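The block underneath contains the structure these notes are about, expressed in structure tokens.
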Amino acid sequence: MTHVPAAADELVNTLAAKADPDFAVRMQRYFPHEIRALGVSNAAVADIAADYFRERRDTPAATRLLLAEEVLARAEYHEEVLLGFAVLHKVARTGLGDELLDHCEHWLQTYVSNWAQCDDMCLKLLYPFLLGHLELIEQTRRWAGSASPWARRAANVAVVKFVRRKVGRTVFELPLSHVFGNCVRLMHDDHVYVQKGSGWLLKVTAEAHPDEVADFLRTWHTEMPRDTFRSALEKMDPRLRRSLMELGR
């Protein structure tokens, strides 16, 4: 592969060439605060990275990591952050070592600035990585104490797919102590997207463990933000949901 800064130039220039100002304006509706966007779809960003490496299949994962760092460090637009993560998608599960978790924590604190970037990292990078490193899932709990709201959101979003997940021939079960411990720790967080992350994790957990989540809600409903509480109810049996909604009034 060419020198890392030159490779970053090529990727970023390819991204810029796909900019669509009208689409950038339409994107804004999904964010409560203004973002700097080029107007490139998530799928197109992923395609840029995939196309780049299609002719460079022998690029070592360590080099991809350096390239991701380069792209992220110079990122000025929303999609450039997504591009930095996309560089690593194909090697996330098996090509990168345990240190990726520390890199992700740093990126969440330094480069991530909205919910979409946070969730892209969690679902497209951290999810496949953690599939190959199940023993590291517990370490994401420390993010709940981060000064960054996006790291705090990621503490929950990074594990939503692990509540009950088949890995090979076995089923991995995220411990309920992990779910409820995170949600209690973040119960009084004043950032709306941290609370949305807690609601999402509780909603997914309720599909697999409805009685346990119902008990958790009964215990904490007086302290839990209303939106988090209602989100947790969305996938429950209608009768159970109605009974719990009486608590939230």
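We label chains A, B, ... in the order they appear in the structure tokens, count residues from 1 in each chain, and number ligands from 1 in the order shown.
Those residues that approach range 93-108 of chain A to within 9 Å, counting only C-alpha atoms, are Pro60, Ala61, Ala62, Leu65, Glu69, Leu72, Gln117, Cys118, Met121, Leu125, Leu126, Tyr127, Pro128, Phe129, Leu130, Leu131, Gly132, His133, Leu136, Gln139, Thr140, Trp143, Ser148, Pro149, Trp150, Ala151 and Ala154 of chain A; same-chain residues fewer than 6 positions away are not listed.
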Contacts of range 199-214 of chain A at 6 Å (only C-alpha atoms; same-chain gap of 5+ positions) as a PyMOL selection string: chain A and resi 160+228+231-232
Selection: 6 Å around Leu83 in chain A, only C-alpha atoms, excl. self and same-chain fewer than 3 positions, as a list in words: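 Residues meeting the cut-off are Val45, Glu80 and Ala86 of chain A.
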Between CA of Asn156 in chain A and CA of Arg230 in chain A, distance in Å (one decimal):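 CA of Arg230 in chain A lies 16.8 Å from CA of Asn156 in chain A.
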Sel. of alpha helix (DSSP H) residues, range 5-237 of chain A, as number ranges by chain: A: 5-17, 21-27, 42-54, 61-74, 78-86, 100-110, 115-120, 127-131, 149-157, 176-185, 192-208, 210-220, 226-233
Length of the CA of Asp47 in chain A to CA of Glu79 in chain A vector [Å]: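 Separation between CA of Asp47 in chain A and CA of Glu79 in chain A: 12.4 Å.
Taking CA of Val163 in chain A and CA of Lys196 in chain A as the two end points, the separation is 16.9 Å.
For the residues A:Asp22, A:Glu76, A:Asp51, A:Glu223, ranking by smallest atom-to-atom distance to Arg36 in chain A using only C-alpha atoms places A:Glu76 first.
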Selection near Val171 in chain A, 12 Å with only C-alpha atoms, sequence-local residues under 3 positions removed, as a PyMOL selection string: chain A and resi 131+134+161-168+174
For the selection you just gave me, I'd like the residues written to a file as a PDB file, in the first residue's frame, keeping C-alpha atoms.
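As a result, selection21.pdb now contains:
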ATOM      1  CA  LEU A 131     -17.611 -11.411  18.438  1.00  0.00           C
ATOM      2  CA  LEU A 134     -16.002 -12.174  23.901  1.00  0.00           C
ATOM      3  CA  LYS A 161     -26.384  -7.495  20.020  1.00  0.00           C
ATOM      4  CA  PHE A 162     -24.940  -9.654  22.787  1.00  0.00           C
ATOM      5  CA  VAL A 163     -27.988  -9.977  25.020  1.00  0.00           C
ATOM      6  CA  ARG A 164     -28.509 -13.371  23.424  1.00  0.00           C
ATOM      7  CA  ARG A 165     -26.187 -14.131  20.529  1.00  0.00           C
ATOM      8  CA  LYS A 166     -25.259 -17.382  18.825  1.00  0.00           C
ATOM      9  CA  VAL A 167     -21.487 -17.537  18.417  1.00  0.00           C
ATOM     10  CA  GLY A 168     -20.437 -20.628  16.525  1.00  0.00           C
ATOM     11  CA  LEU A 174     -24.718 -11.072  28.203  1.00  0.00           C
TER      12      LEU A 174
END
Pro21 in chain A surroundings by only C-alpha atoms, 9 Å radius, close-in-sequence under 3 positions cut, as JSON, numbers by chain: {"A": [24, 25, 26, 37, 38, 39, 40]}
Convert the current residue selection to file output with N, CA and C atoms, as a short mmCIF file (atom, residue, chain, number, x, y, z; two decimals), in the first residue's frame.
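Final output, selection.cif:
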data_model
loop_
_atom_site.label_atom_id
_atom_site.label_comp_id
_atom_site.auth_asym_id
_atom_site.auth_seq_id
_atom_site.Cartn_x
_atom_site.Cartn_y
_atom_site.Cartn_z
N ALA A 24 -26.84 16.71 2.17
CA ALA A 24 -26.29 17.15 3.45
C ALA A 24 -27.34 17.94 4.23
N VAL A 25 -28.10 18.77 3.54
CA VAL A 25 -29.16 19.54 4.19
C VAL A 25 -30.24 18.60 4.72
N ARG A 26 -30.61 17.61 3.93
CA ARG A 26 -31.66 16.67 4.37
C ARG A 26 -31.20 15.82 5.56
N ALA A 37 -21.51 18.17 7.34
CA ALA A 37 -21.68 16.97 6.53
C ALA A 37 -21.41 17.27 5.07
N LEU A 38 -20.89 16.27 4.38
CA LEU A 38 -20.66 16.37 2.94
C LEU A 38 -21.91 16.00 2.15
N GLY A 39 -22.73 15.17 2.75
CA GLY A 39 -23.90 14.67 2.05
C GLY A 39 -23.61 13.37 1.32
N VAL A 40 -22.99 12.42 2.02
CA VAL A 40 -22.67 11.11 1.46
C VAL A 40 -23.32 10.07 2.36
#
Spatial neighbours of range 2-9 of chain A, 6 Å, only C-alpha atoms, chain gap at least 3 places, as a VMD selection string: chain A and resid 12 to 13 67 71
Restricting the output to C-alpha atoms, write the selected residues as a compact mmCIF listing (two decimals), in the first residue's frame.
# COMPACT_ATOMS: atom_id res chain seq x y z
CA VAL A 12 -10.72 11.53 1.70
CA ASN A 13 -10.60 12.97 -1.82
CA LEU A 67 -4.73 4.62 8.14
CA VAL A 71 -8.27 9.70 8.54
Minimum-distance residue to Leu15 in chain A, chosen among A:His33, A:His78, A:Arg141, A:Arg152 (using only C-alpha atoms):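 Using only C-alpha atoms, Leu15 in chain A sits closest to A:His78.
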Selection near Cys122 in chain A, 9 Å with only C-alpha atoms, sequence-local residues under 6 positions removed, as an MDAnalysis selection string: chainID A and resid 154 157:159
Backbone DSSP call of strand (DSSP E or B) for range 107-231 of chain A, listed as a PyMOL selection string: chain A and resi 164-167+170-173
